[in-house]
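Note: the block below is structure-v5.txt and it holds compact mmCIF, C-alpha atoms and all ligand atoms.
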```txt
# COMPACT_ATOMS: atom_id res chain seq x y z
CA MET T 142 -15.30 -8.13 -10.98
CA LEU T 143 -16.39 -4.73 -12.26
CA ARG T 144 -14.03 -2.63 -14.29
CA TYR T 145 -14.19 0.98 -15.29
CA THR T 146 -13.97 1.18 -19.02
CA VAL T 147 -12.68 4.21 -20.83
CA ARG T 148 -13.13 4.97 -24.50
CA ALA T 149 -9.79 4.87 -26.21
CA PRO T 150 -9.12 8.19 -27.88
CA SER T 151 -8.87 6.53 -31.28
CA LYS T 152 -11.24 6.56 -34.22
CA LEU T 153 -11.71 2.82 -33.76
CA GLY T 154 -13.56 3.53 -30.53
CA ARG T 155 -11.92 0.59 -28.76
CA THR T 156 -12.64 0.13 -25.08
CA LEU T 157 -9.75 -0.18 -22.72
CA ALA T 158 -9.97 -1.82 -19.30
CA THR T 159 -8.09 0.54 -17.06
CA HIS T 160 -8.69 -0.04 -13.40
CA THR T 161 -11.03 -1.89 -11.14
CA ALA T 162 -14.07 -0.16 -9.69
CA THR T 163 -14.25 -2.74 -6.92
CA PRO T 164 -10.71 -3.22 -5.70
CA ILE T 165 -9.51 -6.78 -5.23
CA SER T 166 -9.46 -7.64 -1.53
CA ALA T 167 -6.19 -7.54 0.39
CA GLN T 168 -6.39 -11.23 1.21
CA ALA T 169 -7.13 -12.27 -2.37
CA SER T 170 -4.25 -10.29 -3.80
CA ARG T 171 -1.72 -11.15 -1.13
CA ARG T 172 1.11 -13.54 -1.90
CA THR T 173 4.17 -14.58 0.03
CA TRP T 174 7.40 -13.09 -1.25
CA ALA T 175 10.84 -14.50 -0.58
CA ARG T 176 13.33 -11.75 0.20
CA GLN T 177 15.35 -12.64 -2.91
CA GLU T 178 12.24 -12.34 -5.08
CA ILE T 179 11.70 -8.81 -3.82
CA GLN T 180 15.37 -8.08 -4.45
CA ASN T 181 15.01 -9.35 -8.04
CA LEU T 182 11.97 -7.16 -8.49
CA TYR T 183 13.78 -4.13 -7.04
CA ASP T 184 16.69 -4.74 -9.44
CA THR T 185 14.45 -4.78 -12.53
CA PRO T 186 15.33 -2.08 -15.11
CA LEU T 187 13.59 0.99 -13.71
CA LEU T 188 11.11 1.73 -16.48
CA ASP T 189 10.05 -1.92 -16.63
CA LEU T 190 9.57 -1.85 -12.87
CA VAL T 191 7.46 1.31 -13.05
CA PHE T 192 5.38 -0.10 -15.90
CA ARG T 193 4.67 -3.18 -13.84
CA SER T 194 3.90 -1.28 -10.64
CA ALA T 195 1.62 1.11 -12.55
CA SER T 196 -0.29 -1.92 -13.85
CA VAL T 197 -0.65 -3.41 -10.36
CA HIS T 198 -1.74 0.00 -9.09
CA ARG T 199 -4.52 0.17 -11.68
CA GLN T 200 -5.80 -3.27 -10.71
CA HIS T 201 -6.23 -2.33 -7.07
CA HIS T 202 -6.77 1.42 -6.88
CA ASP T 203 -8.36 4.26 -8.76
CA PRO T 204 -5.17 5.81 -10.23
CA SER T 205 -6.74 9.28 -10.33
CA LYS T 206 -7.14 9.42 -6.55
CA ILE T 207 -4.62 10.66 -4.01
CA GLN T 208 -5.26 10.68 -0.28
CA LEU T 209 -4.55 14.09 1.23
CA CYS T 210 -3.39 14.01 4.83
CA THR T 211 -2.40 16.75 7.20
CA LEU T 212 -0.02 16.13 10.06
CA MET T 213 0.12 18.19 13.22
CA ASN T 214 2.71 18.01 15.95
CA ILE T 215 0.76 17.97 19.20
CA LYS T 216 3.85 17.64 21.41
CA THR T 217 7.19 18.81 20.05
CA GLY T 218 10.77 17.92 21.03
CA GLY T 219 12.31 16.75 24.28
CA CYS T 220 12.07 13.07 23.32
CA THR T 221 14.30 10.64 25.20
CA GLU T 222 14.80 8.33 22.20
CA ASP T 223 17.93 8.47 20.07
CA CYS T 224 16.54 8.11 16.51
CA SER T 225 19.56 9.48 14.66
CA TYR T 226 17.53 11.32 12.03
CA CYS T 227 15.23 13.17 14.41
CA SER T 228 15.39 16.80 15.44
CA GLN T 229 13.05 16.09 18.37
CA SER T 230 15.46 13.88 20.29
CA SER T 231 16.72 15.58 23.47
CA ARG T 232 20.08 13.89 22.87
CA TYR T 233 20.97 16.20 20.00
CA SER T 234 21.43 19.92 19.80
CA THR T 235 18.94 20.93 17.12
CA PRO T 236 16.85 24.02 16.35
CA THR T 237 13.69 22.21 17.62
CA LYS T 238 12.50 23.48 20.98
CA ALA T 239 10.58 21.25 23.38
CA SER T 240 6.97 22.14 24.12
CA ARG T 241 4.06 20.73 26.11
CA LEU T 242 1.12 18.81 24.74
CA VAL T 243 -1.12 21.30 22.93
CA GLU T 244 -4.66 22.03 24.05
CA LEU T 245 -7.75 20.64 22.35
CA GLU T 246 -8.99 23.79 20.60
CA PRO T 247 -5.89 24.52 18.44
CA VAL T 248 -6.00 20.89 17.31
CA LEU T 249 -9.64 21.12 16.31
CA GLU T 250 -8.97 24.40 14.55
CA ALA T 251 -6.14 22.80 12.56
CA ALA T 252 -8.32 19.78 11.71
CA ARG T 253 -11.16 22.03 10.50
CA LYS T 254 -8.75 23.97 8.32
CA ALA T 255 -7.31 20.75 6.94
CA LYS T 256 -10.80 19.47 6.12
CA GLU T 257 -11.78 22.74 4.44
CA ASN T 258 -8.70 22.42 2.29
CA GLY T 259 -9.54 18.89 1.17
CA SER T 260 -7.52 16.75 3.59
CA THR T 261 -9.49 13.69 4.61
CA ARG T 262 -7.01 12.28 7.10
CA PHE T 263 -5.72 14.24 10.09
CA CYS T 264 -2.64 12.88 11.85
CA MET T 265 -1.38 13.94 15.26
CA GLY T 266 2.19 13.25 16.34
CA ALA T 267 3.72 13.41 19.81
CA ALA T 268 7.47 13.27 20.46
CA TRP T 269 7.99 10.79 23.24
CA ARG T 270 8.97 7.19 23.76
CA ASP T 271 5.59 6.00 25.03
CA LEU T 272 2.54 6.98 27.05
CA ALA T 273 3.84 5.72 30.39
CA GLY T 274 3.03 8.23 33.16
CA ARG T 275 0.96 10.39 30.80
CA LYS T 276 -2.54 9.53 31.98
CA ARG T 277 -3.96 13.05 31.68
CA GLY T 278 -2.18 13.66 28.40
CA PHE T 279 -3.59 10.42 27.03
CA GLU T 280 -7.10 11.40 28.07
CA LYS T 281 -6.65 14.69 26.24
CA ILE T 282 -5.49 12.82 23.14
CA LEU T 283 -8.48 10.48 23.31
CA GLU T 284 -10.70 13.56 23.33
CA MET T 285 -8.84 14.95 20.29
CA VAL T 286 -9.42 11.65 18.49
CA ARG T 287 -13.15 11.65 19.33
CA GLU T 288 -13.63 15.22 18.16
CA VAL T 289 -11.69 14.92 14.89
CA ARG T 290 -13.40 11.64 14.06
CA GLY T 291 -16.69 13.40 14.75
CA MET T 292 -15.87 15.75 11.86
CA GLY T 293 -16.05 12.77 9.50
CA MET T 294 -12.29 12.70 8.98
CA GLU T 295 -9.97 9.72 9.25
CA VAL T 296 -7.87 10.17 12.39
CA CYS T 297 -4.32 8.93 12.80
CA THR T 298 -1.90 9.31 15.69
CA THR T 299 1.76 8.57 16.18
CA LEU T 300 2.50 8.44 19.91
CA GLY T 301 5.43 6.06 20.22
CA MET T 302 5.09 2.62 21.76
CA LEU T 303 1.60 1.45 22.75
CA SER T 304 0.32 -1.28 25.03
CA PRO T 305 -2.62 -3.42 23.89
CA GLU T 306 -4.85 -1.60 26.41
CA GLN T 307 -3.85 1.84 25.11
CA ALA T 308 -4.51 0.65 21.55
CA ARG T 309 -7.94 -0.57 22.63
CA GLN T 310 -8.79 2.80 24.17
CA LEU T 311 -7.68 4.63 21.03
CA LYS T 312 -9.87 2.36 18.94
CA GLU T 313 -12.80 2.99 21.24
CA ALA T 314 -12.28 6.75 20.86
CA GLY T 315 -12.56 6.33 17.08
CA LEU T 316 -8.94 6.18 15.93
CA THR T 317 -8.70 5.13 12.29
CA ALA T 318 -4.98 4.49 11.94
CA TYR T 319 -1.78 4.42 13.96
CA ASN T 320 1.61 5.29 12.52
CA HIS T 321 4.62 3.39 13.77
CA ASN T 322 7.38 3.08 11.20
CA LEU T 323 9.86 0.23 11.07
CA ASP T 324 12.19 2.78 9.41
CA THR T 325 14.56 0.29 7.73
CA SER T 326 15.64 -3.35 7.63
CA ARG T 327 16.12 -5.35 10.80
CA GLU T 328 19.88 -5.57 10.15
CA PHE T 329 20.44 -1.87 9.60
CA TYR T 330 18.08 -0.68 12.32
CA PRO T 331 20.62 -0.79 15.22
CA GLN T 332 22.76 1.74 13.35
CA VAL T 333 19.84 4.19 13.40
CA ILE T 334 18.21 3.69 16.82
CA THR T 335 19.44 1.98 19.96
CA THR T 336 16.85 2.95 22.57
CA ARG T 337 14.13 0.60 21.34
CA SER T 338 14.38 -2.62 19.42
CA TYR T 339 12.92 -3.71 16.12
CA ASP T 340 10.85 -6.28 17.96
CA GLU T 341 9.44 -3.61 20.27
CA ARG T 342 8.30 -1.74 17.17
CA LEU T 343 6.67 -4.91 15.86
CA ASP T 344 4.96 -5.42 19.24
CA THR T 345 3.33 -1.99 19.01
CA ILE T 346 2.19 -2.73 15.47
CA THR T 347 0.70 -6.02 16.67
CA ALA T 348 -1.18 -4.22 19.46
CA VAL T 349 -2.55 -1.72 16.95
CA ARG T 350 -3.65 -4.39 14.48
CA ASP T 351 -5.18 -6.55 17.22
CA ALA T 352 -7.23 -3.58 18.40
CA GLY T 353 -8.75 -3.30 14.92
CA ILE T 354 -6.91 -0.07 14.05
CA SER T 355 -5.42 0.36 10.57
CA VAL T 356 -1.64 0.17 10.53
CA CYS T 357 0.57 2.83 8.93
CA SER T 358 4.16 1.59 8.88
CA GLY T 359 6.93 2.37 6.46
CA GLY T 360 10.45 3.69 6.31
CA ILE T 361 12.96 6.41 5.71
CA LEU T 362 15.38 6.45 2.79
CA GLY T 363 18.75 8.18 3.00
CA LEU T 364 19.74 6.89 6.45
CA GLY T 365 22.89 5.37 4.94
CA GLU T 366 21.16 2.08 4.17
CA SER T 367 21.82 -0.10 1.14
CA ASP T 368 19.47 -1.49 -1.51
CA LYS T 369 19.43 -4.69 0.54
CA ASP T 370 18.05 -2.79 3.51
CA ARG T 371 15.33 -1.13 1.47
CA VAL T 372 14.32 -4.56 0.19
CA GLY T 373 14.57 -5.92 3.75
CA LEU T 374 12.11 -3.30 4.98
CA ILE T 375 9.55 -4.14 2.28
CA TRP T 376 10.03 -7.84 2.91
CA GLU T 377 9.52 -7.39 6.66
CA VAL T 378 6.30 -5.46 6.13
CA SER T 379 5.08 -7.98 3.55
CA ASN T 380 5.40 -10.72 6.16
CA MET T 381 3.10 -9.08 8.69
CA PRO T 382 -0.07 -11.09 9.35
CA GLU T 383 -1.93 -8.38 7.39
CA HIS T 384 -0.28 -5.92 5.07
CA PRO T 385 -0.38 -2.46 6.63
CA GLU T 386 -3.11 -0.27 5.20
CA SER T 387 -0.48 2.43 4.68
CA PHE T 388 3.24 2.36 3.85
CA PRO T 389 4.91 5.78 4.12
CA VAL T 390 8.10 6.32 2.12
CA ASN T 391 10.09 9.19 3.62
CA ALA T 392 13.21 10.76 2.15
CA LEU T 393 15.53 11.91 4.93
CA VAL T 394 15.58 15.65 5.47
CA PRO T 395 18.97 16.00 7.23
CA ILE T 396 18.63 18.18 10.32
CA PRO T 397 21.62 20.15 11.62
CA GLY T 398 22.73 18.78 14.98
CA THR T 399 21.58 15.21 14.37
CA PRO T 400 24.07 12.40 13.68
CA LEU T 401 22.77 12.20 10.10
CA GLU T 402 23.10 15.92 9.37
CA GLY T 403 25.75 15.28 6.71
CA ASN T 404 23.92 12.51 4.85
CA GLU T 405 23.50 12.93 1.13
CA ALA T 406 19.97 13.23 -0.16
CA VAL T 407 18.61 9.93 -1.42
CA LYS T 408 18.80 9.70 -5.21
CA TYR T 409 15.47 10.08 -6.94
CA HIS T 410 15.75 6.80 -8.84
CA ILE T 411 16.14 4.98 -5.50
CA LEU T 412 13.01 6.61 -4.13
CA LEU T 413 11.08 5.72 -7.28
CA ARG T 414 12.39 2.15 -7.27
CA THR T 415 11.36 1.73 -3.64
CA ILE T 416 7.85 3.06 -4.27
CA ALA T 417 7.38 0.85 -7.33
CA THR T 418 8.61 -2.27 -5.53
CA ALA T 419 6.42 -1.57 -2.51
CA ARG T 420 3.39 -1.07 -4.77
CA ILE T 421 3.85 -4.51 -6.36
CA VAL T 422 4.53 -6.34 -3.09
CA LEU T 423 1.80 -4.52 -1.13
CA PRO T 424 -0.86 -4.15 -3.84
CA THR T 425 -3.77 -2.93 -1.73
CA THR T 426 -1.75 -0.74 0.65
CA ILE T 427 -1.77 3.02 0.29
CA ILE T 428 1.79 4.08 -0.53
CA ARG T 429 2.42 7.42 1.11
CA LEU T 430 4.93 9.84 -0.40
CA ALA T 431 5.90 11.48 2.88
CA ALA T 432 8.80 13.62 4.17
CA GLY T 433 11.08 15.11 1.55
CA ARG T 434 8.37 15.40 -1.11
CA ASN T 435 8.82 19.16 -1.26
CA THR T 436 12.37 18.59 -2.57
CA LEU T 437 11.01 16.78 -5.65
CA ALA T 438 10.19 18.46 -8.95
CA GLU T 439 6.57 18.20 -10.00
CA SER T 440 7.46 15.79 -12.80
CA GLU T 441 9.29 13.59 -10.28
CA GLN T 442 6.24 13.52 -8.02
CA ALA T 443 4.03 12.67 -11.00
CA MET T 444 6.26 9.70 -11.81
CA CYS T 445 5.90 8.52 -8.19
CA PHE T 446 2.09 8.70 -8.56
CA MET T 447 2.38 6.79 -11.83
CA ALA T 448 4.41 4.12 -10.02
CA GLY T 449 1.74 3.70 -7.35
CA ALA T 450 2.18 6.34 -4.66
CA ASN T 451 -1.32 7.46 -3.72
CA ALA T 452 -1.12 9.59 -0.60
CA VAL T 453 0.68 12.78 0.37
CA PHE T 454 1.00 15.03 3.37
CA THR T 455 -0.20 18.48 2.57
CA GLY T 456 -0.61 21.65 4.61
CA GLU T 457 1.77 23.99 6.32
CA GLN T 458 4.30 21.88 8.15
CA MET T 459 5.04 18.18 8.46
CA LEU T 460 6.24 17.65 12.04
CA THR T 461 9.55 19.52 11.93
CA THR T 462 10.16 19.45 8.17
CA PRO T 463 8.62 21.63 5.45
CA CYS T 464 5.49 20.44 3.66
CA SER T 465 3.97 21.30 0.30
CA PRO T 466 1.10 23.74 0.82
CA TRP T 467 -2.52 22.93 -0.09
CA ASP T 468 -2.84 25.45 -2.89
CA GLU T 469 0.27 24.26 -4.66
CA ASP T 470 -0.81 20.66 -4.30
CA LYS T 471 -4.29 21.33 -5.63
CA GLU T 472 -2.86 23.08 -8.68
CA MET T 473 -0.39 20.28 -9.28
CA MET T 474 -3.06 17.62 -8.97
CA GLY T 475 -5.26 19.53 -11.38
CA ARG T 476 -2.50 19.59 -13.97
CA TRP T 477 -2.08 15.81 -13.71
CA GLY T 478 -5.77 14.90 -13.61
CA LEU T 479 -5.67 13.79 -9.97
CA ALA T 480 -8.32 14.28 -7.29
CA GLY T 481 -8.38 13.82 -3.53
CA MET T 482 -9.78 10.62 -2.02
CA GLN T 483 -12.81 10.78 0.18
CA SER T 484 -12.60 9.70 3.81
CA PHE T 485 -12.71 5.92 4.24
CA GLU T 486 -12.42 5.30 0.53
CA GLN T 487 -9.83 2.57 1.14
CA VAL T 488 -11.85 -0.61 1.47
CA SER T 489 -9.77 -2.26 4.20
CA VAL T 490 -9.85 0.91 6.33
CA ALA T 491 -13.62 1.24 5.91
CA ARG T 492 -14.07 -2.41 6.93
CA LYS T 493 -12.11 -1.87 10.13
CA GLU T 494 -14.42 1.04 10.87
CA GLY T 495 -17.35 -1.30 10.38
CA LEU T 496 -18.51 0.83 7.46
CA GLY T 497 -18.22 -1.63 4.61
CA HIS T 498 -17.26 0.30 1.49
CA ARG T 499 -19.01 3.65 1.77
CA SER T 500 -18.33 6.98 0.21
CA GLY T 501 -16.91 9.80 2.30
CA GLU T 502 -20.22 11.65 2.25
CA GLU T 503 -22.08 8.60 3.53
CA VAL T 504 -19.49 8.20 6.28
CA ALA T 505 -19.69 11.89 7.21
CA MET T 506 -23.46 11.55 7.56
CA LEU T 507 -22.96 8.58 9.84
CA ALA T 508 -20.30 10.30 11.93
S1 LIG I 601 11.42 9.79 15.84
FE1 LIG I 601 9.90 9.88 17.48
S2 LIG I 601 10.70 8.46 19.02
FE2 LIG I 601 12.42 8.94 17.66
S3 LIG I 601 13.48 10.68 18.65
FE3 LIG I 601 12.01 11.52 17.18
S4 LIG I 601 10.18 11.93 18.37
FE4 LIG I 601 11.43 10.52 19.57
```
Can I see the file as structure tokens?
Ligand code: SF4
Amino acid sequence: MLRYTVRAPSKLGRTLATHTATPISAQASRRTWARQEIQNLYDTPLLDLVFRSASVHRQHHDPSKIQLCTLMNIKTGGCTEDCSYCSQSSRYSTPTKASRLVELEPVLEAARKAKENGSTRFCMGAAWRDLAGRKRGFEKILEMVREVRGMGMEVCTTLGMLSPEQARQLKEAGLTAYNHNLDTSREFYPQVITTRSYDERLDTITAVRDAGISVCSGGILGLGESDKDRVGLIWEVSNMPEHPESFPVNALVPIPGTPLEGNEAVKYHILLRTIATARIVLPTTIIRLAAGRNTLAESEQAMCFMAGANAVFTGEQMLTTPCSPWDEDKEMMGRWGLAGMQSFEQVSVARKEGLGHRSGEEVAMLA
């Protein structure tokens, strides 16, 4: 196995092994965790836990790289589901107004702008339960996927529940990844959502994985869950037949009018502990610091990157919550010696694209 070596900044000129140039494969690094083992890990004194997760991170990823993603809402509000954190549910009286599916050109314009600003993954989200009865809308989305993928970007969508056939069509159109969060533990889930079951979520994830699309599935902190639930979520994800390529960690942004409007913000040490635990249990997965990042101080974000978070959403808006803008993110990354990942830099994602492990430029030339 190759390793990057870096000269130690000492007069002795020692060489330090820092991180692997060829990441260890997901299968080789995977192990089965009992739920109690993950709980024990989660309960480790925080700095020990971060030290350990930072070490695991360096074995499997280039620690100077962060994936920059931009998320666009292509259909806002009016959703029939009752996710108690969501401003887009039609069951709650929130400031979010319902709109129709956007046209192709504004999407392509947003994707171009995202690419120019360094984002290598473009995600499109639609607020609805599923694609049933949306044949024309689905065709439009397939066209969006084809066009954005044609720009050499990774393309992700989050469109609610999917059938195996819909997943297959998305794959054929060039979809890189599909986001479908489990949100929390199986036990706590019914207190958050009642209109679709945990198993229905897992069925969609299975359809996505079986279609050869990378899976993006994580959770939200601050829903009122306990440490046990945060561990339960990580344990559930760790038991999937393949670890998801991406695990987003969201911090609830309470929205006025939703049942969770009065929830307290999740404590920073809980967010950090969750990221560090997920990094150790899911060593090759990209850990995505998602909603709520703009509430963190720069030093807090840096500690999350140290602990193994290696993707962020950047741009103007993240669905219905604020997002850190590109310029601010670029300056912050510069201060901490971080750089953006290229498209398809994650080995498992590149393999699912049939690209082996190629650089972003090589992929763009092939696109
Ligand atoms: S999270 Fe998605 S499925 Fe749930 S209410 Fe919001 S838009 Fe609908």
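Here the question is which of T:Pro186, T:Gly363, T:Gly315, T:Pro424 gets nearest to Glu288 of chain T using only C-alpha atoms, and that residue is T:Gly315.
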Nearest to Ser367 of chain T by atom-to-atom distance, counting all atoms listed in the file, from T:Gln307, T:Gln180, T:Ser225, T:Thr425: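 Closest candidate: T:Gln180.
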Check which residues fall inside 12 Å of ligand LIG 601 (chain I) when counting all atoms listed in the file, and print them as JSON, numbers by chain. {"T": [214, 215, 216, 217, 218, 219, 220, 221, 222, 223, 224, 225, 226, 227, 228, 229, 230, 231, 232, 233, 235, 237, 239, 266, 267, 268, 269, 270, 271, 272, 298, 299, 300, 301, 302, 320, 321, 322, 323, 324, 333, 334, 335, 336, 337, 338, 342, 360, 361, 393, 396, 399, 400, 460, 461]}
With only C-alpha atoms as the basis for distance, which of T:Ile427, T:Ala348, T:Met285, T:Leu212 is at the shortest distance from Leu303 of chain T?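 Selected residue with least distance to Leu303 of chain T: T:Ala348.
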For Leu249 of chain T, the nearest of the candidates T:Arg171, T:Arg327, T:Arg275, T:Arg290, counting all atoms listed in the file: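 Selected residue with least distance to Leu249 of chain T: T:Arg290.
Taking atom CA of Thr426 of chain T and atom CA of Val372 of chain T as endpoints, the distance between them is 16.5 Å.
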Find the residues around Thr325 of chain T up to 9 Å (only C-alpha atoms counted), leave out those fewer than 5 positions away in its own chain, and share them as a ChimeraX atom specification. /T:330,333,359-362,364,366,370-375
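The interatomic distance for the pair atom CA of Gly481 of chain T and atom CA of Asp203 of chain T works out to 10.9 Å.
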Could you please determine the separation between atom CA of Ala432 of chain T and atom CA of Asn391 of chain T in Å, to one decimal place?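 Computing the Euclidean distance for atom CA of Ala432 of chain T and atom CA of Asn391 of chain T yields 4.6 Å.
The residue that comes closest to Glu472 of chain T, out of T:Glu439, T:Ala417, T:Gln177, T:Leu496 and on the basis of only C-alpha atoms, is T:Glu439.
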